[in-house]
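Colleague: Supplied in structure tokens, the structure appears directly below.
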Amino acid sequence: MSKTVNNRTDRKTYRRIMVFFCLFIAAGMIIVGRLVKYQLKDYEYYQSQVLSQLTSETLMTPRRGEITDTNGVILATNKTVYNVIISPFHIAKLNGENEKLNSDDNKDNDVRYEWVSEDGKVSYTGARADELIATYLSYTLEVDRAEIMERIGRTNRQYEVVKKNVEEVVNNRVKEFIKDFDLRDQIYDQASNKRYYPYGSLASHVIGFTNSEGVGRDGIEAYYNNYLEGKSGKYILAHDAKNDELSFEYETTYIPEENGYRVVSTIDKYIQSALENQLRQTYHDSMAGNRVTGIVLDVETAGVLAMATYPDFDLNSPYTLDEASLEVLSKYTEGTEEYNDKFSELLYTLWKNKAITELYKPVSTFKIMTTAMALEERVITFDTPFNCPGYWMVDGWSKPIYCHDHAGHGTLPYRYGLQQSCNPALMQVAALVGKERFYNYFEAFGYTSVTGIDLPGETGGIVNAREGFSGVNLAVYSFGQTFKTTPIQQLSAITTIASGGYYKTPHVLKEIVDENGTVIKSFDTDVKRQVISTEVCKEIAAVLEDGVSHDGGAKNAYVKGYKVAAKTGTSEKRDKFDENGNKSYRVGSCAAFAPADDPKIAAIIIVDEPMNGAVYGSVVAAPYISNLLSDVLPYLGIEQQYTPEDLATLDISVSDYVGGSPDAARDDLLLNGLSCEIIGDGSVITGQFPAAGSTMRKENGRVILYCGTETERQYTTVPDLMYKTAEASNMILLNSGLNVKITGATNGSSATVINQYPAAGESVEIGAVVEIELRHMDGTD
């Protein structure tokens, strides 16, 4: 009996042992499995967790790449600024040390800080490092003291930024403070890069700017941000549980930053400046209510040589409104929700690149494309006659569609119809082309899609779909009405004609290069398609140029010595009226390319809502295209080619005759086509008028030479020449003993004086040069 019991006991014990053994083995396997998982599968995760407890990282900001113009002129760069940083951990540690030193047992080691600002208005006296630091940094960096104290309170941290982008002169004062009070562990700086734009507002809508984090916003800065920004580097510093730096065997790891690439744009600083000068001038002359914009394209590559909108903004201070916007904002109470909403609205409007984001009706400038379609399809020639009774009736529309000349042009060859911008002639031409072919060309010229320019925010036009394109649509589209496009779309279409019929993608990128000058990316000319034959394009250019140099609607775009092909346009804003709800606003524009017989550049200027009387593109835009081309064409090295008419009206620079003999001066003046009057009987010229270097018209020009010391000067009163023709003004000045210098529209006989200097009524010396500016004011497009 006893043996049986013992056997049972032994079996039970054995089973218990086996169970415990199995459990032990199972637990061991689980532990081993977990260790394997931790050591192999999750090794990197737990390693990073451990390292995060033992290391701290400091990011090193890369240098953002520069943006230059096509010639290497820097448009966007960086300057060194500093982030001022505090270590709350070390500030708290220093406070603890100071408390011990100031305890009853250490009275001989009393710690006391004394600091007074230069103006004596702010000071601190006491033993607390946190209060000293907060007081000083608040005063010097202009940061709220309570905010700094709140950051100091994060005592488990060693990295708290007090202020970013501190200029060097201010940062140097902080360094002196650190040195004076031995606060090297508590306060330190970190060099950083602040975006800097050397030319302020130049090309502001094209370049764009960066936000507070250094990320590109708008323009090239945004579109090519990934190339410009580079990659951050970092310092990894090992420390122990008390946040003290570990010994030398745990060296600091440095991962270098990768600086951004340099973006070379197609923008030409000189041409950009010339365009902006003209936009600024027409904005103020026309009192444009909704800004003005312009573009200059390289005909061969479609690269953007210049693009601007005015008013513009300072890239170094992009959140500052212009004067016109501030005047609008002044009507709202500061601090209210309405004020804040209006501020944001005005700011975003100021930033918008009007050339690629806002729509307008191209009107008469589109007639170039309708003409190209008809010539290409051989349904007309420039000699084909058309009748213009002042209007035209279109099937499907019960009302007449008028020409700008309600009296009508009568029967005229098409070349004259285009030059005079005759709507009935265009409607008849479009009917000959037909809806289907017209829409095919309309698409090919790029009006149904965006251009694809490498700038953010490009807007597409508003056009009828092919399926719903009616005969009435065909009629009004023929002269650029009822559909809307962007300035870049319109100039791209014009450039297609200038380039011999090839549609190309406009672009602002020339190339992207690294720090060693290696080209990372370049933009090759992107020819999308040939829309029109080169022969047709040459025909159109010749007819447009003839209209500019003689009696076309774009004659104000004339530039002496150059062949300019141009077309003007004026559209009505049917959806926007004046304050009385009666008169709709207008948009005046002019598109051109030059030289007409070998185009190099194409340009457009658009004046939105001119408010100063004149509204036609021929008056508010064409003269400024003329001024722009007068500046740009010589800069591009394109030589002037004068017609016999030009040669008769050339200006001449007066030589210096003082100190010479009267006879020699007379002979030289006669040789240069100028007459002279000698006053006094001396043998040496002691004075002359106009002075040496003065520019005046060669025709009927006269120089007064004074000989002798006692010669009395003669004076006259400047006559009023305003609104007189060039011929009449020249005769009046000649009879007054004065010379003339003529600027502006010197072609044709209908131009009149719109400005003169000196002003009428001023007293000037006989022989003085009066400068007059001519403009055709007949207002046709």
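Identifiers in the structure tokens: chain A, B, ... in order shown; residue index from 1 per chain; ligand index from 1 in order shown.
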Within 12 Å of Lys93 of chain A, counting only C-alpha atoms, which residues qualify if same-chain residues fewer than 6 places away don't, as a CSV table (one decimal) with N, CA, C and O atoms, in the first residue's frame?

Modeller:
```csv
chain,number,residue,atom,x,y,z
A,87,SER,N,19.6,77.7,-24.4
A,87,SER,CA,19.5,76.3,-23.8
A,87,SER,C,18.9,76.4,-22.5
A,87,SER,O,19.6,76.7,-21.5
A,99,GLU,N,22.3,79.8,-7.0
A,99,GLU,CA,21.7,79.7,-5.7
A,99,GLU,C,22.6,79.1,-4.6
A,99,GLU,O,22.6,79.5,-3.5
A,100,LYS,N,23.4,78.1,-5.0
A,100,LYS,CA,24.3,77.5,-4.1
A,100,LYS,C,25.4,78.5,-3.7
A,100,LYS,O,25.8,78.6,-2.5
A,128,ARG,N,19.5,86.1,-10.8
A,128,ARG,CA,18.9,85.1,-11.7
A,128,ARG,C,19.3,85.2,-13.1
A,128,ARG,O,19.0,86.2,-13.8
A,129,ALA,N,20.0,84.2,-13.6
A,129,ALA,CA,20.4,84.2,-15.0
A,129,ALA,C,19.2,84.2,-16.0
A,129,ALA,O,19.3,84.9,-17.1
A,130,ASP,N,18.2,83.5,-15.7
A,130,ASP,CA,17.0,83.5,-16.6
A,130,ASP,C,16.4,84.9,-16.8
A,130,ASP,O,16.1,85.3,-17.9
A,152,ILE,N,12.4,79.7,-21.7
A,152,ILE,CA,13.4,79.3,-20.7
A,152,ILE,C,12.8,78.3,-19.7
A,152,ILE,O,13.6,77.4,-19.2
A,153,GLY,N,11.5,78.3,-19.5
A,153,GLY,CA,10.9,77.3,-18.6
A,153,GLY,C,10.9,75.9,-19.1
A,153,GLY,O,10.6,74.9,-18.4
A,155,THR,N,12.9,73.4,-19.3
A,155,THR,CA,14.3,73.1,-18.8
A,155,THR,C,14.9,71.8,-19.3
A,155,THR,O,16.0,71.5,-19.0
A,156,ASN,N,14.1,70.9,-19.9
A,156,ASN,CA,14.6,69.7,-20.4
A,156,ASN,C,15.2,69.8,-21.8
A,156,ASN,O,15.6,68.9,-22.4
A,157,ARG,N,15.2,71.0,-22.4
A,157,ARG,CA,15.6,71.3,-23.7
A,157,ARG,C,16.9,72.1,-23.8
A,157,ARG,O,17.2,72.9,-22.9
A,158,GLN,N,17.7,71.9,-24.8
A,158,GLN,CA,18.9,72.6,-25.0
A,158,GLN,C,18.8,73.5,-26.3
A,158,GLN,O,19.8,74.2,-26.6
A,183,LEU,N,28.1,83.5,-20.7
A,183,LEU,CA,26.9,82.7,-20.9
A,183,LEU,C,27.0,81.9,-22.2
A,183,LEU,O,26.0,81.7,-22.9
A,185,ASP,N,27.3,78.7,-22.6
A,185,ASP,CA,26.4,77.5,-22.7
A,185,ASP,C,25.0,77.8,-22.7
A,185,ASP,O,24.1,77.0,-23.1
A,186,GLN,N,24.6,79.0,-22.3
A,186,GLN,CA,23.2,79.4,-22.2
A,186,GLN,C,22.6,80.0,-23.4
A,186,GLN,O,21.4,79.9,-23.7
A,242,LYS,N,22.6,63.2,-17.9
A,242,LYS,CA,22.5,64.5,-17.3
A,242,LYS,C,22.7,65.6,-18.3
A,242,LYS,O,22.9,66.8,-18.0
A,243,ASN,N,22.7,65.2,-19.6
A,243,ASN,CA,22.8,66.2,-20.7
A,243,ASN,C,24.2,66.7,-20.8
A,243,ASN,O,24.4,67.8,-21.5
A,244,ASP,N,25.2,66.1,-20.2
A,244,ASP,CA,26.6,66.5,-20.3
A,244,ASP,C,27.2,65.8,-21.5
A,244,ASP,O,26.8,64.7,-21.8
```

Colleague: Find the residues around segment 598-602 of chain A up to 12 Å (only C-alpha atoms counted), leave out those fewer than 4 positions away in its own chain, and share them as a PDB file with N, CA, C and O atoms, in the first residue's frame.

Modeller:
```
ATOM      1  N   ILE A 271      16.546  94.572 -70.386  1.00  0.00           N
ATOM      2  CA  ILE A 271      15.237  94.580 -71.047  1.00  0.00           C
ATOM      3  C   ILE A 271      14.121  94.606 -70.009  1.00  0.00           C
ATOM      4  O   ILE A 271      13.097  95.279 -70.185  1.00  0.00           O
ATOM      5  N   GLY A 294       3.097  93.582 -69.055  1.00  0.00           N
ATOM      6  CA  GLY A 294       3.806  93.488 -70.328  1.00  0.00           C
ATOM      7  C   GLY A 294       4.752  92.311 -70.343  1.00  0.00           C
ATOM      8  O   GLY A 294       5.180  91.814 -69.297  1.00  0.00           O
ATOM      9  N   ILE A 295       5.080  91.851 -71.552  1.00  0.00           N
ATOM     10  CA  ILE A 295       5.985  90.716 -71.745  1.00  0.00           C
ATOM     11  C   ILE A 295       6.852  90.999 -72.960  1.00  0.00           C
ATOM     12  O   ILE A 295       6.399  91.595 -73.937  1.00  0.00           O
ATOM     13  N   VAL A 296       8.106  90.548 -72.906  1.00  0.00           N
ATOM     14  CA  VAL A 296       8.994  90.552 -74.073  1.00  0.00           C
ATOM     15  C   VAL A 296       9.515  89.136 -74.249  1.00  0.00           C
ATOM     16  O   VAL A 296      10.077  88.558 -73.313  1.00  0.00           O
ATOM     17  N   LEU A 297       9.324  88.567 -75.455  1.00  0.00           N
ATOM     18  CA  LEU A 297       9.786  87.214 -75.758  1.00  0.00           C
ATOM     19  C   LEU A 297      10.892  87.233 -76.800  1.00  0.00           C
ATOM     20  O   LEU A 297      10.885  88.063 -77.719  1.00  0.00           O
ATOM     21  N   ASP A 298      11.823  86.312 -76.655  1.00  0.00           N
ATOM     22  CA  ASP A 298      12.819  86.048 -77.681  1.00  0.00           C
ATOM     23  C   ASP A 298      12.133  85.231 -78.769  1.00  0.00           C
ATOM     24  O   ASP A 298      11.654  84.122 -78.512  1.00  0.00           O
ATOM     25  N   VAL A 299      12.057  85.759 -79.980  1.00  0.00           N
ATOM     26  CA  VAL A 299      11.319  85.104 -81.058  1.00  0.00           C
ATOM     27  C   VAL A 299      11.917  83.736 -81.400  1.00  0.00           C
ATOM     28  O   VAL A 299      11.194  82.776 -81.664  1.00  0.00           O
ATOM     29  N   GLU A 300      13.224  83.635 -81.366  1.00  0.00           N
ATOM     30  CA  GLU A 300      13.881  82.392 -81.769  1.00  0.00           C
ATOM     31  C   GLU A 300      13.671  81.268 -80.770  1.00  0.00           C
ATOM     32  O   GLU A 300      13.436  80.120 -81.154  1.00  0.00           O
ATOM     33  N   THR A 301      13.730  81.574 -79.463  1.00  0.00           N
ATOM     34  CA  THR A 301      13.675  80.524 -78.440  1.00  0.00           C
ATOM     35  C   THR A 301      12.386  80.512 -77.634  1.00  0.00           C
ATOM     36  O   THR A 301      12.115  79.540 -76.925  1.00  0.00           O
ATOM     37  N   ALA A 302      11.611  81.592 -77.708  1.00  0.00           N
ATOM     38  CA  ALA A 302      10.423  81.795 -76.865  1.00  0.00           C
ATOM     39  C   ALA A 302      10.799  81.986 -75.397  1.00  0.00           C
ATOM     40  O   ALA A 302       9.955  81.860 -74.508  1.00  0.00           O
ATOM     41  N   GLY A 303      12.075  82.281 -75.127  1.00  0.00           N
ATOM     42  CA  GLY A 303      12.483  82.615 -73.764  1.00  0.00           C
ATOM     43  C   GLY A 303      11.938  83.972 -73.360  1.00  0.00           C
ATOM     44  O   GLY A 303      11.881  84.893 -74.171  1.00  0.00           O
ATOM     45  N   VAL A 304      11.532  84.089 -72.109  1.00  0.00           N
ATOM     46  CA  VAL A 304      10.978  85.343 -71.601  1.00  0.00           C
ATOM     47  C   VAL A 304      12.126  86.279 -71.265  1.00  0.00           C
ATOM     48  O   VAL A 304      12.842  86.077 -70.278  1.00  0.00           O
ATOM     49  N   LEU A 305      12.316  87.319 -72.054  1.00  0.00           N
ATOM     50  CA  LEU A 305      13.359  88.307 -71.798  1.00  0.00           C
ATOM     51  C   LEU A 305      12.923  89.295 -70.724  1.00  0.00           C
ATOM     52  O   LEU A 305      13.756  89.854 -70.016  1.00  0.00           O
ATOM     53  N   ALA A 306      11.633  89.517 -70.626  1.00  0.00           N
ATOM     54  CA  ALA A 306      11.095  90.416 -69.604  1.00  0.00           C
ATOM     55  C   ALA A 306       9.624  90.093 -69.403  1.00  0.00           C
ATOM     56  O   ALA A 306       8.923  89.755 -70.359  1.00  0.00           O
ATOM     57  N   MET A 307       9.180  90.201 -68.168  1.00  0.00           N
ATOM     58  CA  MET A 307       7.760  90.038 -67.840  1.00  0.00           C
ATOM     59  C   MET A 307       7.511  90.827 -66.569  1.00  0.00           C
ATOM     60  O   MET A 307       8.251  90.686 -65.592  1.00  0.00           O
ATOM     61  N   ILE A 488       0.108  86.007 -71.885  1.00  0.00           N
ATOM     62  CA  ILE A 488       1.149  85.100 -72.371  1.00  0.00           C
ATOM     63  C   ILE A 488       0.626  84.243 -73.507  1.00  0.00           C
ATOM     64  O   ILE A 488       1.368  83.926 -74.454  1.00  0.00           O
ATOM     65  N   GLN A 490      -1.646  85.234 -75.706  1.00  0.00           N
ATOM     66  CA  GLN A 490      -1.751  86.109 -76.867  1.00  0.00           C
ATOM     67  C   GLN A 490      -0.394  86.400 -77.481  1.00  0.00           C
ATOM     68  O   GLN A 490      -0.223  86.339 -78.695  1.00  0.00           O
ATOM     69  N   LEU A 491       0.596  86.686 -76.628  1.00  0.00           N
ATOM     70  CA  LEU A 491       1.913  86.981 -77.185  1.00  0.00           C
ATOM     71  C   LEU A 491       2.542  85.721 -77.784  1.00  0.00           C
ATOM     72  O   LEU A 491       3.284  85.810 -78.765  1.00  0.00           O
ATOM     73  N   SER A 492       2.255  84.565 -77.227  1.00  0.00           N
ATOM     74  CA  SER A 492       2.771  83.325 -77.815  1.00  0.00           C
ATOM     75  C   SER A 492       2.210  83.125 -79.216  1.00  0.00           C
ATOM     76  O   SER A 492       2.932  82.667 -80.121  1.00  0.00           O
ATOM     77  N   ALA A 493       0.953  83.464 -79.408  1.00  0.00           N
ATOM     78  CA  ALA A 493       0.354  83.357 -80.739  1.00  0.00           C
ATOM     79  C   ALA A 493       0.976  84.366 -81.703  1.00  0.00           C
ATOM     80  O   ALA A 493       1.278  84.044 -82.858  1.00  0.00           O
ATOM     81  N   ILE A 494       1.180  85.598 -81.229  1.00  0.00           N
ATOM     82  CA  ILE A 494       1.829  86.629 -82.057  1.00  0.00           C
ATOM     83  C   ILE A 494       3.247  86.196 -82.417  1.00  0.00           C
ATOM     84  O   ILE A 494       3.709  86.358 -83.560  1.00  0.00           O
ATOM     85  N   THR A 495       3.954  85.615 -81.440  1.00  0.00           N
ATOM     86  CA  THR A 495       5.326  85.163 -81.672  1.00  0.00           C
ATOM     87  C   THR A 495       5.369  84.033 -82.695  1.00  0.00           C
ATOM     88  O   THR A 495       6.368  83.862 -83.402  1.00  0.00           O
ATOM     89  N   THR A 496       4.304  83.263 -82.788  1.00  0.00           N
ATOM     90  CA  THR A 496       4.224  82.224 -83.817  1.00  0.00           C
ATOM     91  C   THR A 496       4.333  82.841 -85.212  1.00  0.00           C
ATOM     92  O   THR A 496       5.030  82.309 -86.088  1.00  0.00           O
ATOM     93  N   ILE A 497       3.670  83.973 -85.421  1.00  0.00           N
ATOM     94  CA  ILE A 497       3.770  84.675 -86.709  1.00  0.00           C
ATOM     95  C   ILE A 497       5.181  85.229 -86.881  1.00  0.00           C
ATOM     96  O   ILE A 497       5.793  85.114 -87.944  1.00  0.00           O
ATOM     97  N   ALA A 498       5.733  85.818 -85.816  1.00  0.00           N
ATOM     98  CA  ALA A 498       7.067  86.418 -85.897  1.00  0.00           C
ATOM     99  C   ALA A 498       8.146  85.382 -86.181  1.00  0.00           C
ATOM    100  O   ALA A 498       9.155  85.682 -86.833  1.00  0.00           O
ATOM    101  N   SER A 499       7.941  84.143 -85.695  1.00  0.00           N
ATOM    102  CA  SER A 499       8.969  83.106 -85.839  1.00  0.00           C
ATOM    103  C   SER A 499       8.829  82.285 -87.114  1.00  0.00           C
ATOM    104  O   SER A 499       9.460  81.232 -87.238  1.00  0.00           O
ATOM    105  N   GLY A 500       7.999  82.743 -88.027  1.00  0.00           N
ATOM    106  CA  GLY A 500       7.838  82.019 -89.282  1.00  0.00           C
ATOM    107  C   GLY A 500       6.780  80.944 -89.240  1.00  0.00           C
ATOM    108  O   GLY A 500       6.782  80.034 -90.074  1.00  0.00           O
ATOM    109  N   PRO A 506       6.667  79.094 -74.300  1.00  0.00           N
ATOM    110  CA  PRO A 506       7.413  80.163 -73.610  1.00  0.00           C
ATOM    111  C   PRO A 506       8.003  79.630 -72.314  1.00  0.00           C
ATOM    112  O   PRO A 506       7.422  78.750 -71.667  1.00  0.00           O
ATOM    113  N   THR A 534       5.937  79.948 -93.447  1.00  0.00           N
ATOM    114  CA  THR A 534       6.824  81.093 -93.276  1.00  0.00           C
ATOM    115  C   THR A 534       6.501  82.194 -94.280  1.00  0.00           C
ATOM    116  O   THR A 534       6.579  83.389 -93.954  1.00  0.00           O
ATOM    117  N   CYS A 537       3.662  84.297 -93.060  1.00  0.00           N
ATOM    118  CA  CYS A 537       4.094  85.130 -91.930  1.00  0.00           C
ATOM    119  C   CYS A 537       4.836  86.371 -92.425  1.00  0.00           C
ATOM    120  O   CYS A 537       4.655  87.469 -91.879  1.00  0.00           O
ATOM    121  N   LYS A 538       5.667  86.214 -93.433  1.00  0.00           N
ATOM    122  CA  LYS A 538       6.398  87.356 -93.986  1.00  0.00           C
ATOM    123  C   LYS A 538       5.452  88.366 -94.617  1.00  0.00           C
ATOM    124  O   LYS A 538       5.650  89.590 -94.487  1.00  0.00           O
ATOM    125  N   ALA A 541       3.780  90.295 -91.755  1.00  0.00           N
ATOM    126  CA  ALA A 541       4.720  91.221 -91.122  1.00  0.00           C
ATOM    127  C   ALA A 541       4.890  92.477 -91.955  1.00  0.00           C
ATOM    128  O   ALA A 541       4.926  93.598 -91.423  1.00  0.00           O
ATOM    129  N   ALA A 542       4.996  92.316 -93.275  1.00  0.00           N
ATOM    130  CA  ALA A 542       5.196  93.471 -94.155  1.00  0.00           C
ATOM    131  C   ALA A 542       3.995  94.406 -94.130  1.00  0.00           C
ATOM    132  O   ALA A 542       4.156  95.637 -94.106  1.00  0.00           O
ATOM    133  N   GLU A 545       3.834  96.209 -90.734  1.00  0.00           N
ATOM    134  CA  GLU A 545       4.873  97.237 -90.662  1.00  0.00           C
ATOM    135  C   GLU A 545       4.477  98.460 -91.472  1.00  0.00           C
ATOM    136  O   GLU A 545       4.691  99.602 -91.049  1.00  0.00           O
ATOM    137  N   TYR A 562      13.751 101.653 -87.578  1.00  0.00           N
ATOM    138  CA  TYR A 562      13.453 100.229 -87.426  1.00  0.00           C
ATOM    139  C   TYR A 562      12.090  99.910 -88.044  1.00  0.00           C
ATOM    140  O   TYR A 562      11.172 100.734 -88.023  1.00  0.00           O
ATOM    141  N   LYS A 563      11.980  98.699 -88.555  1.00  0.00           N
ATOM    142  CA  LYS A 563      10.703  98.224 -89.080  1.00  0.00           C
ATOM    143  C   LYS A 563       9.976  97.475 -87.972  1.00  0.00           C
ATOM    144  O   LYS A 563      10.452  96.439 -87.507  1.00  0.00           O
ATOM    145  N   VAL A 564       8.848  98.016 -87.573  1.00  0.00           N
ATOM    146  CA  VAL A 564       8.077  97.437 -86.471  1.00  0.00           C
ATOM    147  C   VAL A 564       6.728  96.958 -86.999  1.00  0.00           C
ATOM    148  O   VAL A 564       6.001  97.720 -87.641  1.00  0.00           O
ATOM    149  N   ALA A 565       6.407  95.701 -86.742  1.00  0.00           N
ATOM    150  CA  ALA A 565       5.080  95.159 -87.058  1.00  0.00           C
ATOM    151  C   ALA A 565       4.261  95.180 -85.775  1.00  0.00           C
ATOM    152  O   ALA A 565       4.700  94.652 -84.753  1.00  0.00           O
ATOM    153  N   ALA A 566       3.096  95.798 -85.807  1.00  0.00           N
ATOM    154  CA  ALA A 566       2.322  95.940 -84.571  1.00  0.00           C
ATOM    155  C   ALA A 566       0.830  95.980 -84.860  1.00  0.00           C
ATOM    156  O   ALA A 566       0.398  96.320 -85.965  1.00  0.00           O
ATOM    157  N   LYS A 567       0.059  95.645 -83.828  1.00  0.00           N
ATOM    158  CA  LYS A 567      -1.406  95.734 -83.896  1.00  0.00           C
ATOM    159  C   LYS A 567      -1.900  96.131 -82.518  1.00  0.00           C
ATOM    160  O   LYS A 567      -1.394  95.640 -81.498  1.00  0.00           O
ATOM    161  N   CYS A 590      -1.357  96.641 -77.020  1.00  0.00           N
ATOM    162  CA  CYS A 590      -0.585  96.681 -78.260  1.00  0.00           C
ATOM    163  C   CYS A 590       0.404  95.526 -78.245  1.00  0.00           C
ATOM    164  O   CYS A 590       1.121  95.329 -77.262  1.00  0.00           O
ATOM    165  N   ALA A 591       0.416  94.754 -79.333  1.00  0.00           N
ATOM    166  CA  ALA A 591       1.375  93.668 -79.513  1.00  0.00           C
ATOM    167  C   ALA A 591       2.230  93.983 -80.723  1.00  0.00           C
ATOM    168  O   ALA A 591       1.738  94.521 -81.723  1.00  0.00           O
ATOM    169  N   ALA A 592       3.518  93.662 -80.655  1.00  0.00           N
ATOM    170  CA  ALA A 592       4.432  94.023 -81.744  1.00  0.00           C
ATOM    171  C   ALA A 592       5.582  93.045 -81.813  1.00  0.00           C
ATOM    172  O   ALA A 592       5.880  92.339 -80.844  1.00  0.00           O
ATOM    173  N   PHE A 593       6.227  93.011 -82.983  1.00  0.00           N
ATOM    174  CA  PHE A 593       7.506  92.312 -83.103  1.00  0.00           C
ATOM    175  C   PHE A 593       8.396  93.093 -84.055  1.00  0.00           C
ATOM    176  O   PHE A 593       7.926  93.843 -84.914  1.00  0.00           O
ATOM    177  N   ALA A 594       9.728  92.926 -83.866  1.00  0.00           N
ATOM    178  CA  ALA A 594      10.682  93.727 -84.642  1.00  0.00           C
ATOM    179  C   ALA A 594      12.034  93.030 -84.665  1.00  0.00           C
ATOM    180  O   ALA A 594      12.342  92.243 -83.760  1.00  0.00           O
ATOM    181  N   ILE A 625       5.096 100.851 -76.268  1.00  0.00           N
ATOM    182  CA  ILE A 625       5.776  99.808 -77.051  1.00  0.00           C
ATOM    183  C   ILE A 625       6.881 100.456 -77.877  1.00  0.00           C
ATOM    184  O   ILE A 625       8.004  99.934 -77.977  1.00  0.00           O
ATOM    185  N   LEU A 628       9.749 101.294 -75.618  1.00  0.00           N
ATOM    186  CA  LEU A 628      10.408 100.053 -75.218  1.00  0.00           C
ATOM    187  C   LEU A 628      11.337  99.552 -76.321  1.00  0.00           C
ATOM    188  O   LEU A 628      12.516  99.238 -76.074  1.00  0.00           O
ATOM    189  N   LEU A 629      10.823  99.492 -77.542  1.00  0.00           N
ATOM    190  CA  LEU A 629      11.634  99.004 -78.655  1.00  0.00           C
ATOM    191  C   LEU A 629      12.787  99.957 -78.966  1.00  0.00           C
ATOM    192  O   LEU A 629      13.872  99.524 -79.382  1.00  0.00           O
ATOM    193  N   VAL A 632      15.365  98.815 -76.509  1.00  0.00           N
ATOM    194  CA  VAL A 632      15.815  97.423 -76.564  1.00  0.00           C
ATOM    195  C   VAL A 632      16.520  97.069 -77.869  1.00  0.00           C
ATOM    196  O   VAL A 632      17.535  96.362 -77.857  1.00  0.00           O
ATOM    197  N   LEU A 633      16.006  97.540 -79.007  1.00  0.00           N
ATOM    198  CA  LEU A 633      16.585  97.130 -80.294  1.00  0.00           C
ATOM    199  C   LEU A 633      18.058  97.538 -80.435  1.00  0.00           C
ATOM    200  O   LEU A 633      18.891  96.711 -80.847  1.00  0.00           O
ATOM    201  N   PRO A 634      18.441  98.769 -80.089  1.00  0.00           N
ATOM    202  CA  PRO A 634      19.874  99.097 -80.132  1.00  0.00           C
ATOM    203  C   PRO A 634      20.688  98.258 -79.149  1.00  0.00           C
ATOM    204  O   PRO A 634      21.821  97.873 -79.441  1.00  0.00           O
ATOM    205  N   TYR A 635      20.121  97.985 -77.980  1.00  0.00           N
ATOM    206  CA  TYR A 635      20.810  97.163 -76.976  1.00  0.00           C
ATOM    207  C   TYR A 635      21.116  95.773 -77.519  1.00  0.00           C
ATOM    208  O   TYR A 635      22.166  95.185 -77.225  1.00  0.00           O
ATOM    209  N   LEU A 636      20.218  95.240 -78.355  1.00  0.00           N
ATOM    210  CA  LEU A 636      20.425  93.921 -78.941  1.00  0.00           C
ATOM    211  C   LEU A 636      21.387  93.948 -80.126  1.00  0.00           C
ATOM    212  O   LEU A 636      21.660  92.910 -80.728  1.00  0.00           O
ATOM    213  N   GLY A 637      21.891  95.141 -80.445  1.00  0.00           N
ATOM    214  CA  GLY A 637      22.852  95.256 -81.527  1.00  0.00           C
ATOM    215  C   GLY A 637      22.237  95.288 -82.901  1.00  0.00           C
ATOM    216  O   GLY A 637      22.929  95.052 -83.907  1.00  0.00           O
ATOM    217  N   ILE A 638      20.954  95.583 -82.983  1.00  0.00           N
ATOM    218  CA  ILE A 638      20.262  95.647 -84.270  1.00  0.00           C
ATOM    219  C   ILE A 638      20.432  97.051 -84.830  1.00  0.00           C
ATOM    220  O   ILE A 638      20.016  98.040 -84.213  1.00  0.00           O
ATOM    221  N   GLU A 639      21.038  97.154 -85.993  1.00  0.00           N
ATOM    222  CA  GLU A 639      21.359  98.451 -86.578  1.00  0.00           C
ATOM    223  C   GLU A 639      20.129  99.122 -87.177  1.00  0.00           C
ATOM    224  O   GLU A 639      19.230  98.455 -87.696  1.00  0.00           O
TER     225      GLU A 639
END
```

Colleague: Can you pull out the residues contacting Gly216 of chain A? Cut-off 12 Å, using only C-alpha atoms, and skip same-chain residues under 3 positions away; I want them as a list of chain:residue names.

Modeller: A:Arg64, A:Gly65, A:Ile67, A:Ala76, A:Arg195, A:Ile207, A:Gly208, A:Phe209, A:Thr210, A:Asn211, A:Ser212, A:Glu213, A:Gly219, A:Ile220, A:Glu221, A:Ala222, A:Tyr223, A:Tyr224, A:Asn225, A:Asn226, A:Tyr227, A:Leu228, A:Glu229, A:Leu315, A:Leu455, A:Pro456

Colleague: Just the alpha helix (DSSP H) stuff from segment 477-664 of chain A, please, per backbone DSSP, written as a PyMOL selection string.

Modeller: chain A and resi 477+487-498+534-549+617-620+622-635+644-647+662-664

Colleague: Env of Thr381 of chain A: 10 Å cut, atoms = only C-alpha atoms, seq-sep filter 4 positions within chain, self excluded. Answer as a list in words.

Modeller: Thr371, Ala374, Leu375, Glu376, Pro385, Pro413, Tyr414, Arg415 and Glu539 of chain A

Colleague: With only C-alpha atoms as the counted atoms, please give the residues lying no more than 12 Å from Arg184 of chain A, apart from itself and same-chain residues fewer than 5 positions off, as a ChimeraX atom specification.

Modeller: /A:85-87,90-91,94,133,174-179,189

Colleague: Please provide the set of residues having any atom within 6 Å of segment 769-778 of chain A, restricted to only C-alpha atoms, with same-chain residues fewer than 5 positions apart removed, written as a PyMOL selection string.

Modeller: chain A and resi 739-745+751-757

Colleague: So which residues of segment 251-480 of chain A fall under strand (DSSP E or B) by DSSP, listed as an MDAnalysis selection string?

Modeller: chainID A and resid 253:255 258 262:265 292:298 303:310 360 385:388 391:392 401:402 410:413 462
